[in-house]
>>> print(open('run-v2.cif').read())   # mmCIF, C-alpha atoms
data_data
loop_
_atom_site.label_atom_id
_atom_site.label_comp_id
_atom_site.auth_asym_id
_atom_site.auth_seq_id
_atom_site.Cartn_x
_atom_site.Cartn_y
_atom_site.Cartn_z
CA MET A 1 10.48 -2.49 7.51
CA ASP A 2 13.86 -3.10 8.99
CA PHE A 3 16.25 -5.27 6.99
CA SER A 4 19.36 -4.55 9.00
CA ARG A 5 19.28 -7.97 10.62
CA TYR A 6 20.38 -9.53 7.32
CA ASN A 7 24.00 -9.69 6.14
CA ALA A 8 25.34 -7.42 3.42
CA ALA A 9 24.93 -9.95 0.59
CA GLU A 10 21.33 -10.60 1.54
CA GLN A 11 20.66 -6.89 1.87
CA ALA A 12 21.96 -6.34 -1.66
CA GLN A 13 19.67 -9.02 -3.02
CA ILE A 14 16.76 -7.67 -1.02
CA GLN A 15 17.45 -4.19 -2.36
CA ALA A 16 17.31 -5.52 -5.93
CA MET A 17 14.05 -7.29 -5.12
CA VAL A 18 12.61 -4.09 -3.61
CA GLU A 19 13.50 -2.09 -6.71
CA GLN A 20 11.82 -4.63 -8.96
CA LYS A 21 8.69 -4.54 -6.82
CA GLN A 22 8.69 -0.76 -6.88
CA MET A 23 8.74 -0.78 -10.67
CA LYS A 24 5.86 -3.25 -10.80
CA ASP A 25 3.94 -1.14 -8.29
CA PHE A 26 4.51 1.97 -10.33
CA LEU A 27 3.05 0.30 -13.40
CA LYS A 28 0.04 -0.87 -11.41
CA MET A 29 -0.48 2.64 -10.08
CA TYR A 30 -0.32 4.04 -13.60
CA GLN A 31 -2.93 1.56 -14.84
CA ASN A 32 -5.15 2.32 -11.87
CA LEU A 33 -4.91 6.07 -12.57
CA VAL A 34 -5.87 5.65 -16.21
CA GLU A 35 -8.82 3.41 -15.43
CA ARG A 36 -10.21 5.54 -12.60
CA CYS A 37 -9.87 8.85 -14.38
CA PHE A 38 -11.30 7.47 -17.57
CA ASN A 39 -14.27 5.98 -15.73
CA ASP A 40 -14.91 9.14 -13.76
CA CYS A 41 -14.30 11.72 -16.46
CA VAL A 42 -15.15 10.30 -19.85
CA SER A 43 -18.67 9.30 -20.81
CA ASP A 44 -19.42 11.32 -23.91
CA PHE A 45 -18.61 9.53 -27.12
CA SER A 46 -20.20 11.91 -29.61
CA SER A 47 -16.64 12.82 -30.55
CA LYS A 48 -13.41 10.88 -30.49
CA ALA A 49 -11.38 13.89 -29.31
CA VAL A 50 -10.98 14.49 -25.59
CA SER A 51 -12.87 17.69 -24.76
CA THR A 52 -11.39 20.51 -22.66
CA LYS A 53 -13.88 19.67 -19.93
CA GLU A 54 -12.71 16.07 -19.89
CA GLN A 55 -9.08 17.21 -19.97
CA THR A 56 -9.58 19.41 -16.91
CA CYS A 57 -11.41 16.60 -15.14
CA ILE A 58 -8.56 14.20 -15.84
CA THR A 59 -5.94 16.65 -14.55
CA ARG A 60 -7.91 17.13 -11.34
CA CYS A 61 -8.60 13.42 -10.99
CA PHE A 62 -4.87 12.79 -11.27
CA GLY A 63 -4.18 15.41 -8.62
CA LYS A 64 -6.74 13.97 -6.24
CA ILE A 65 -5.67 10.35 -6.57
CA LEU A 66 -2.01 11.19 -6.05
CA GLY A 67 -2.84 13.50 -3.16
CA ALA A 68 -4.95 10.81 -1.51
CA SER A 69 -2.24 8.21 -2.07
CA GLU A 70 0.35 10.48 -0.49
CA ARG A 71 -1.84 11.15 2.51
CA VAL A 72 -2.65 7.48 3.02
CA GLY A 73 1.09 6.84 2.87
CA GLU A 74 1.80 9.39 5.59
CA ARG A 75 -0.89 8.09 7.97
CA PHE A 76 -0.02 4.48 7.18
CA SER A 77 3.65 4.88 8.02
CA GLU A 78 2.80 6.81 11.19
CA LEU A 79 0.48 4.04 12.36
CA ASN A 80 2.98 1.37 11.42
CA GLN A 81 5.67 3.11 13.45
CA GLN A 82 3.34 3.40 16.43
CA MET A 83 2.52 -0.28 16.21
CA MET A 84 6.18 -1.25 15.99
CA MET A 85 7.05 0.91 18.99
CA GLY A 86 4.15 -0.63 20.88
CA GLN A 87 5.45 -4.11 20.13
CA GLN A 88 8.90 -3.30 21.43
CA GLN A 89 7.57 -2.55 24.91
CA MET B 1 29.62 -0.97 1.62
CA ALA B 2 30.27 -4.59 0.76
CA MET B 3 33.53 -4.41 2.75
CA TRP B 4 32.43 -3.76 6.31
CA GLY B 5 30.83 -7.10 7.03
CA GLY B 6 33.90 -9.30 6.59
CA GLY B 7 36.15 -7.81 9.30
CA PHE B 8 33.62 -7.84 12.12
CA GLY B 9 32.62 -11.46 12.09
CA ALA B 10 29.13 -10.53 11.01
CA GLY B 11 28.61 -14.04 9.75
CA SER B 12 29.28 -15.52 6.35
CA GLN B 13 28.33 -13.51 3.31
CA ALA B 14 26.30 -16.40 2.02
CA VAL B 15 22.76 -15.57 1.02
CA ASN B 16 20.12 -17.59 2.79
CA PRO B 17 17.30 -17.84 0.26
CA GLN B 18 14.78 -18.27 3.05
CA ASN B 19 15.67 -14.85 4.41
CA ILE B 20 15.09 -13.35 0.99
CA ALA B 21 11.74 -15.11 0.74
CA VAL B 22 10.69 -13.85 4.16
CA ALA B 23 11.70 -10.28 3.30
CA GLU B 24 9.85 -10.53 0.01
CA GLN B 25 6.71 -11.79 1.68
CA GLU B 26 6.85 -9.03 4.28
CA LEU B 27 7.22 -6.40 1.57
CA GLU B 28 4.39 -7.97 -0.43
CA MET B 29 2.07 -7.93 2.59
CA VAL B 30 2.79 -4.30 3.40
CA THR B 31 2.42 -3.04 -0.18
CA ASP B 32 -0.77 -5.07 -0.60
CA LEU B 33 -2.22 -3.59 2.58
CA PHE B 34 -1.24 -0.09 1.50
CA ASN B 35 -2.81 -0.51 -1.94
CA ARG B 36 -6.00 -1.87 -0.49
CA ILE B 37 -6.29 0.99 2.01
CA SER B 38 -5.62 3.51 -0.77
CA ASN B 39 -8.36 2.05 -2.94
CA VAL B 40 -10.96 1.61 -0.23
CA CYS B 41 -10.42 5.02 1.33
CA TYR B 42 -10.43 6.74 -2.03
CA ASN B 43 -13.77 5.11 -2.83
CA LYS B 44 -15.22 6.11 0.50
CA CYS B 45 -13.84 9.62 0.82
CA ILE B 46 -13.37 11.18 -2.60
CA PRO B 47 -16.56 11.76 -4.60
CA PRO B 48 -15.88 11.91 -8.34
CA LYS B 49 -16.72 15.63 -8.47
CA TYR B 50 -13.21 16.92 -9.26
CA ALA B 51 -13.78 20.61 -8.63
CA GLU B 52 -10.05 21.09 -7.98
CA ASP B 53 -6.84 19.10 -8.31
CA THR B 54 -5.96 18.79 -4.63
CA LEU B 55 -7.75 17.28 -1.64
CA ASN B 56 -9.97 19.68 0.23
CA LYS B 57 -10.07 19.79 4.03
CA GLY B 58 -13.03 17.42 4.37
CA GLU B 59 -11.50 14.82 2.07
CA SER B 60 -8.16 15.04 3.87
CA VAL B 61 -9.73 14.49 7.28
CA CYS B 62 -11.82 11.64 5.87
CA ILE B 63 -8.70 9.94 4.55
CA ASP B 64 -6.94 10.27 7.92
CA ARG B 65 -9.85 8.70 9.75
CA CYS B 66 -10.39 6.05 7.09
CA VAL B 67 -6.80 4.84 7.35
CA ALA B 68 -6.96 4.67 11.13
CA LYS B 69 -10.28 2.77 11.08
CA PHE B 70 -9.12 0.37 8.41
CA MET B 71 -6.02 -0.56 10.40
CA ASP B 72 -8.23 -1.02 13.47
CA VAL B 73 -10.63 -3.28 11.64
CA ASN B 74 -7.68 -5.18 10.19
CA LEU B 75 -6.39 -5.84 13.69
CA LYS B 76 -9.83 -6.71 15.02
CA ILE B 77 -10.44 -9.30 12.31
CA SER B 78 -7.04 -10.78 12.96
CA GLU B 79 -7.86 -11.11 16.68
CA LEU B 80 -11.25 -12.66 15.93
CA LEU B 81 -9.67 -15.18 13.60
CA GLN B 82 -7.08 -16.06 16.20
CA LYS B 83 -9.74 -16.55 18.84
CA ARG B 84 -11.80 -18.75 16.57
CA GLY B 85 -8.70 -20.69 15.70
CA GLN B 86 -8.06 -21.41 19.37
CA GLU B 87 -11.64 -22.49 20.08
CA GLY B 88 -12.66 -24.39 16.99
CA GLY B 89 -9.47 -26.32 16.36
CA GLY B 90 -8.12 -24.05 13.68
CA GLY B 91 -10.25 -24.55 10.60
CA VAL B 92 -11.51 -21.70 8.46
CA PRO B 93 -14.96 -22.54 7.10
CA GLY B 94 -14.84 -23.16 3.39
CA VAL B 95 -11.09 -23.61 3.24
CA PRO B 96 -9.85 -27.21 3.05
CA ALA B 97 -7.48 -28.15 5.86
CA ALA B 98 -3.81 -28.22 4.96
CA THR B 99 -2.41 -31.72 4.89
CA SER B 100 1.29 -32.18 5.49
#
>>> encode(input="run-v2.cif", output="structure tokens")
Amino acid sequence: MDFSRYNAAEQAQIQAMVEQKQMKDFLKMYQNLVERCFNDCVSDFSSKAVSTKEQTCITRCFGKILGASERVGERFSELNQQMMMGQQQ
Amino acid sequence: MAMWGGGFGAGSQAVNPQNIAVAEQELEMVTDLFNRISNVCYNKCIPPKYAEDTLNKGESVCIDRCVAKFMDVNLKISELLQKRGQEGGGGVPGVPAATS
């Protein structure tokens, strides 16, 4: 997104708004990670301690979700750029 | 950085709240779309096997294609809605018409 058409004061306020949104988004991502990895990795309640198997699963789940998110981000921004360039023609 | 605007006649330094609202909405739409794509494509492409902690080749390719298809479908639906709006007088079934 291009915010350079706004004046400096507006840009400053927009920047503050962006940072706040980023923090909220980070929290949402964290909650999503916990819920997904718990759902996918933990189903044995014969003990209240997290087993090594579950621990490994959670580490891998974390890796996969973040990897997927990164990749979606790359493709998404590429496609967005293509669309914007297409619109300028 | 706050200095450069004044000398070049770049307009008053007053903040137009509508501009902020527009920027906020744009950001909201983009982050919402991104989050939805992330969720949907993860569900479709990553089986909960977790044999390793990175994406394998198949999953990576699936994600690439999923993102492209989702954006396509997104556009398609938007076009269909626009067309229907032009033909049928603008109403969306089930949604009460906005009264001004």
>>> closest_residue(input="run-v2.cif", among="A:Asn32, A:Gln81, A:Asn7, A:Gln55", to="chain B", atoms="only C-alpha atoms")
A:Asn7
>>> closest_atom_pairs(input="run-v2.cif", of="chain A", to="range 37-52 of chain B", cutoff="12 Å", atoms="all atoms listed in the file", output="JSON lines")
{"residue": "A:Met29", "atom": "CA", "partner": "B:Asn39", "partner_atom": "CA", "distance": 10.6}
{"residue": "A:Asn32", "atom": "CA", "partner": "B:Asn39", "partner_atom": "CA", "distance": 9.5}
{"residue": "A:Leu33", "atom": "CA", "partner": "B:Asn39", "partner_atom": "CA", "distance": 11.0}
{"residue": "A:Arg36", "atom": "CA", "partner": "B:Pro48", "partner_atom": "CA", "distance": 9.5}
{"residue": "A:Cys37", "atom": "CA", "partner": "B:Pro48", "partner_atom": "CA", "distance": 9.1}
{"residue": "A:Phe38", "atom": "CA", "partner": "B:Pro48", "partner_atom": "CA", "distance": 11.2}
{"residue": "A:Asn39", "atom": "CA", "partner": "B:Pro48", "partner_atom": "CA", "distance": 9.6}
{"residue": "A:Asp40", "atom": "CA", "partner": "B:Pro48", "partner_atom": "CA", "distance": 6.2}
{"residue": "A:Cys41", "atom": "CA", "partner": "B:Pro48", "partner_atom": "CA", "distance": 8.3}
{"residue": "A:Val42", "atom": "CA", "partner": "B:Pro48", "partner_atom": "CA", "distance": 11.6}
{"residue": "A:Lys53", "atom": "CA", "partner": "B:Tyr50", "partner_atom": "CA", "distance": 11.0}
{"residue": "A:Glu54", "atom": "CA", "partner": "B:Tyr50", "partner_atom": "CA", "distance": 10.7}
{"residue": "A:Gln55", "atom": "CA", "partner": "B:Tyr50", "partner_atom": "CA", "distance": 11.5}
{"residue": "A:Thr56", "atom": "CA", "partner": "B:Tyr50", "partner_atom": "CA", "distance": 8.8}
{"residue": "A:Cys57", "atom": "CA", "partner": "B:Tyr50", "partner_atom": "CA", "distance": 6.2}
{"residue": "A:Ile58", "atom": "CA", "partner": "B:Tyr50", "partner_atom": "CA", "distance": 8.5}
{"residue": "A:Thr59", "atom": "CA", "partner": "B:Glu52", "partner_atom": "CA", "distance": 8.9}
{"residue": "A:Arg60", "atom": "CA", "partner": "B:Glu52", "partner_atom": "CA", "distance": 5.6}
{"residue": "A:Cys61", "atom": "CA", "partner": "B:Tyr50", "partner_atom": "CA", "distance": 6.0}
{"residue": "A:Phe62", "atom": "CA", "partner": "B:Tyr50", "partner_atom": "CA", "distance": 9.5}
{"residue": "A:Gly63", "atom": "CA", "partner": "B:Glu52", "partner_atom": "CA", "distance": 8.2}
{"residue": "A:Lys64", "atom": "CA", "partner": "B:Tyr50", "partner_atom": "CA", "distance": 7.7}
{"residue": "A:Ile65", "atom": "CA", "partner": "B:Tyr42", "partner_atom": "CA", "distance": 7.5}
{"residue": "A:Leu66", "atom": "CA", "partner": "B:Ser38", "partner_atom": "CA", "distance": 10.0}
{"residue": "A:Gly67", "atom": "CA", "partner": "B:Tyr42", "partner_atom": "CA", "distance": 10.2}
{"residue": "A:Ala68", "atom": "CA", "partner": "B:Tyr42", "partner_atom": "CA", "distance": 6.8}
{"residue": "A:Ser69", "atom": "CA", "partner": "B:Ser38", "partner_atom": "CA", "distance": 5.9}
{"residue": "A:Glu70", "atom": "CA", "partner": "B:Ser38", "partner_atom": "CA", "distance": 9.2}
{"residue": "A:Arg71", "atom": "CA", "partner": "B:Ser38", "partner_atom": "CA", "distance": 9.1}
{"residue": "A:Val72", "atom": "CA", "partner": "B:Ser38", "partner_atom": "CA", "distance": 6.2}
{"residue": "A:Gly73", "atom": "CA", "partner": "B:Ser38", "partner_atom": "CA", "distance": 8.3}
{"residue": "A:Glu74", "atom": "CA", "partner": "B:Ser38", "partner_atom": "CA", "distance": 11.4}
{"residue": "A:Arg75", "atom": "CA", "partner": "B:Ile37", "partner_atom": "CA", "distance": 10.7}
{"residue": "A:Phe76", "atom": "CA", "partner": "B:Ile37", "partner_atom": "CA", "distance": 8.8}
>>> closest_atom_pairs(input="run-v2.cif", of="chain B", to="chain A", cutoff="7 Å", atoms="only C-alpha atoms", output="CSV")
residue,atom,partner,partner_atom,distance
B:Ala2,CA,A:Ala8,CA,6.3
B:Gly5,CA,A:Ala8,CA,6.6
B:Gln13,CA,A:Ala9,CA,5.6
B:Ala14,CA,A:Ala9,CA,6.7
B:Val15,CA,A:Glu10,CA,5.2
B:Ile20,CA,A:Ile14,CA,6.3
B:Ser38,CA,A:Ser69,CA,5.9
B:Tyr42,CA,A:Ala68,CA,6.8
B:Pro48,CA,A:Asp40,CA,6.2
B:Tyr50,CA,A:Arg60,CA,5.7
B:Glu52,CA,A:Arg60,CA,5.6
B:Asp53,CA,A:Arg60,CA,3.8
B:Thr54,CA,A:Lys64,CA,5.1
B:Leu55,CA,A:Lys64,CA,5.8
B:Ile63,CA,A:Val72,CA,6.7
B:Asp64,CA,A:Arg75,CA,6.4
B:Val67,CA,A:Val72,CA,6.6
>>> write_last_selection(input="run-v2.cif", atoms="C-alpha atoms", output="PDB file, in the frame of the given file")
ATOM      1  CA  ALA B   2      30.270  -4.590   0.760  1.00  0.00           C
ATOM      2  CA  GLY B   5      30.830  -7.100   7.030  1.00  0.00           C
ATOM      3  CA  GLN B  13      28.330 -13.510   3.310  1.00  0.00           C
ATOM      4  CA  ALA B  14      26.300 -16.400   2.020  1.00  0.00           C
ATOM      5  CA  VAL B  15      22.760 -15.570   1.020  1.00  0.00           C
ATOM      6  CA  ILE B  20      15.090 -13.350   0.990  1.00  0.00           C
ATOM      7  CA  SER B  38      -5.620   3.510  -0.770  1.00  0.00           C
ATOM      8  CA  TYR B  42     -10.430   6.740  -2.030  1.00  0.00           C
ATOM      9  CA  PRO B  48     -15.880  11.910  -8.340  1.00  0.00           C
ATOM     10  CA  TYR B  50     -13.210  16.920  -9.260  1.00  0.00           C
ATOM     11  CA  GLU B  52     -10.050  21.090  -7.980  1.00  0.00           C
ATOM     12  CA  ASP B  53      -6.840  19.100  -8.310  1.00  0.00           C
ATOM     13  CA  THR B  54      -5.960  18.790  -4.630  1.00  0.00           C
ATOM     14  CA  LEU B  55      -7.750  17.280  -1.640  1.00  0.00           C
ATOM     15  CA  ILE B  63      -8.700   9.940   4.550  1.00  0.00           C
ATOM     16  CA  ASP B  64      -6.940  10.270   7.920  1.00  0.00           C
ATOM     17  CA  VAL B  67      -6.800   4.840   7.350  1.00  0.00           C
TER      18      VAL B  67
END
>>> atom_distance(input="run-v2.cif", atom1="CA of Val34 in chain A", atom2="CA of Arg36 in chain B")
17.4 Å
>>> atom_distance(input="run-v2.cif", atom1="CA of Lys48 in chain A", atom2="CA of Gln31 in chain A")
21.0 Å
>>> axis_aligned_box(input="run-v2.cif", around="range 2-8 of chain A", padding_each_side="3 Å", output="JSON")
{"center_x": 19.6, "center_y": -6.4, "center_z": 7.0, "size_x": 17.5, "size_y": 12.6, "size_z": 13.2}
>>> decode(input="run-v2.cif", residues="range 6-69 of chain A", atoms="C-alpha atoms", output="mmCIF file, in the first residue's frame")
data_model
loop_
_atom_site.group_PDB
_atom_site.id
_atom_site.type_symbol
_atom_site.label_atom_id
_atom_site.label_comp_id
_atom_site.auth_asym_id
_atom_site.auth_seq_id
_atom_site.Cartn_x
_atom_site.Cartn_y
_atom_site.Cartn_z
ATOM 1 C CA TYR A 6 -0.859 11.889 2.351
ATOM 2 C CA ASN A 7 0.894 14.804 4.070
ATOM 3 C CA ALA A 8 3.548 14.288 6.727
ATOM 4 C CA ALA A 9 1.195 14.728 9.699
ATOM 5 C CA GLU A 10 -1.242 12.209 8.284
ATOM 6 C CA GLN A 11 1.574 9.802 7.503
ATOM 7 C CA ALA A 12 2.741 9.990 11.112
ATOM 8 C CA GLN A 13 -0.737 9.184 12.370
ATOM 9 C CA ILE A 14 -1.106 6.403 9.837
ATOM 10 C CA GLN A 15 2.233 4.975 10.919
ATOM 11 C CA ALA A 16 1.045 4.891 14.543
ATOM 12 C CA MET A 17 -2.165 3.197 13.428
ATOM 13 C CA VAL A 18 -0.191 0.631 11.411
ATOM 14 C CA GLU A 19 1.994 -0.202 14.405
ATOM 15 C CA GLN A 20 -1.032 -0.719 16.609
ATOM 16 C CA LYS A 21 -2.601 -3.009 14.024
ATOM 17 C CA GLN A 22 0.631 -4.960 13.719
ATOM 18 C CA MET A 23 0.660 -5.577 17.454
ATOM 19 C CA LYS A 24 -2.949 -6.767 17.390
ATOM 20 C CA ASP A 25 -2.160 -9.007 14.430
ATOM 21 C CA PHE A 26 0.805 -10.486 16.218
ATOM 22 C CA LEU A 27 -1.370 -11.406 19.188
ATOM 23 C CA LYS A 28 -3.939 -12.984 16.886
ATOM 24 C CA MET A 29 -1.224 -14.981 15.164
ATOM 25 C CA TYR A 30 0.076 -16.186 18.514
ATOM 26 C CA GLN A 31 -3.393 -17.331 19.578
ATOM 27 C CA ASN A 32 -3.912 -19.059 16.254
ATOM 28 C CA LEU A 33 -0.585 -20.897 16.613
ATOM 29 C CA VAL A 34 -1.420 -22.144 20.087
ATOM 30 C CA GLU A 35 -4.874 -23.338 19.096
ATOM 31 C CA ARG A 36 -3.794 -25.088 15.903
ATOM 32 C CA CYS A 37 -0.781 -26.815 17.373
ATOM 33 C CA PHE A 38 -2.690 -27.874 20.438
ATOM 34 C CA ASN A 39 -5.514 -29.288 18.330
ATOM 35 C CA ASP A 40 -3.165 -31.088 15.980
ATOM 36 C CA CYS A 41 -0.631 -32.378 18.479
ATOM 37 C CA VAL A 42 -2.263 -32.975 21.826
ATOM 38 C CA SER A 43 -4.946 -35.587 22.343
ATOM 39 C CA ASP A 44 -3.589 -37.808 25.079
ATOM 40 C CA PHE A 45 -4.675 -36.786 28.540
ATOM 41 C CA SER A 46 -3.460 -39.787 30.513
ATOM 42 C CA SER A 47 -0.831 -37.424 31.882
ATOM 43 C CA LYS A 48 -0.800 -33.703 32.499
ATOM 44 C CA ALA A 49 2.813 -33.326 31.344
ATOM 45 C CA VAL A 50 3.522 -32.634 27.690
ATOM 46 C CA SER A 51 5.257 -35.712 26.280
ATOM 47 C CA THR A 52 8.423 -35.531 24.153
ATOM 48 C CA LYS A 53 6.400 -36.702 21.181
ATOM 49 C CA GLU A 54 3.932 -33.876 21.671
ATOM 50 C CA GLN A 55 6.795 -31.423 22.183
ATOM 51 C CA THR A 56 8.396 -32.421 18.877
ATOM 52 C CA CYS A 57 5.036 -32.207 17.136
ATOM 53 C CA ILE A 58 4.478 -28.710 18.488
ATOM 54 C CA THR A 59 7.923 -27.524 17.375
ATOM 55 C CA ARG A 60 7.289 -28.849 13.871
ATOM 56 C CA CYS A 61 3.760 -27.480 13.783
ATOM 57 C CA PHE A 62 5.166 -24.070 14.678
ATOM 58 C CA GLY A 63 7.747 -24.348 11.921
ATOM 59 C CA LYS A 64 5.169 -25.343 9.339
ATOM 60 C CA ILE A 65 2.641 -22.648 10.176
ATOM 61 C CA LEU A 66 5.262 -19.915 10.128
ATOM 62 C CA GLY A 67 6.776 -21.276 6.938
ATOM 63 C CA ALA A 68 3.378 -21.377 5.260
ATOM 64 C CA SER A 69 2.572 -17.874 6.469
#
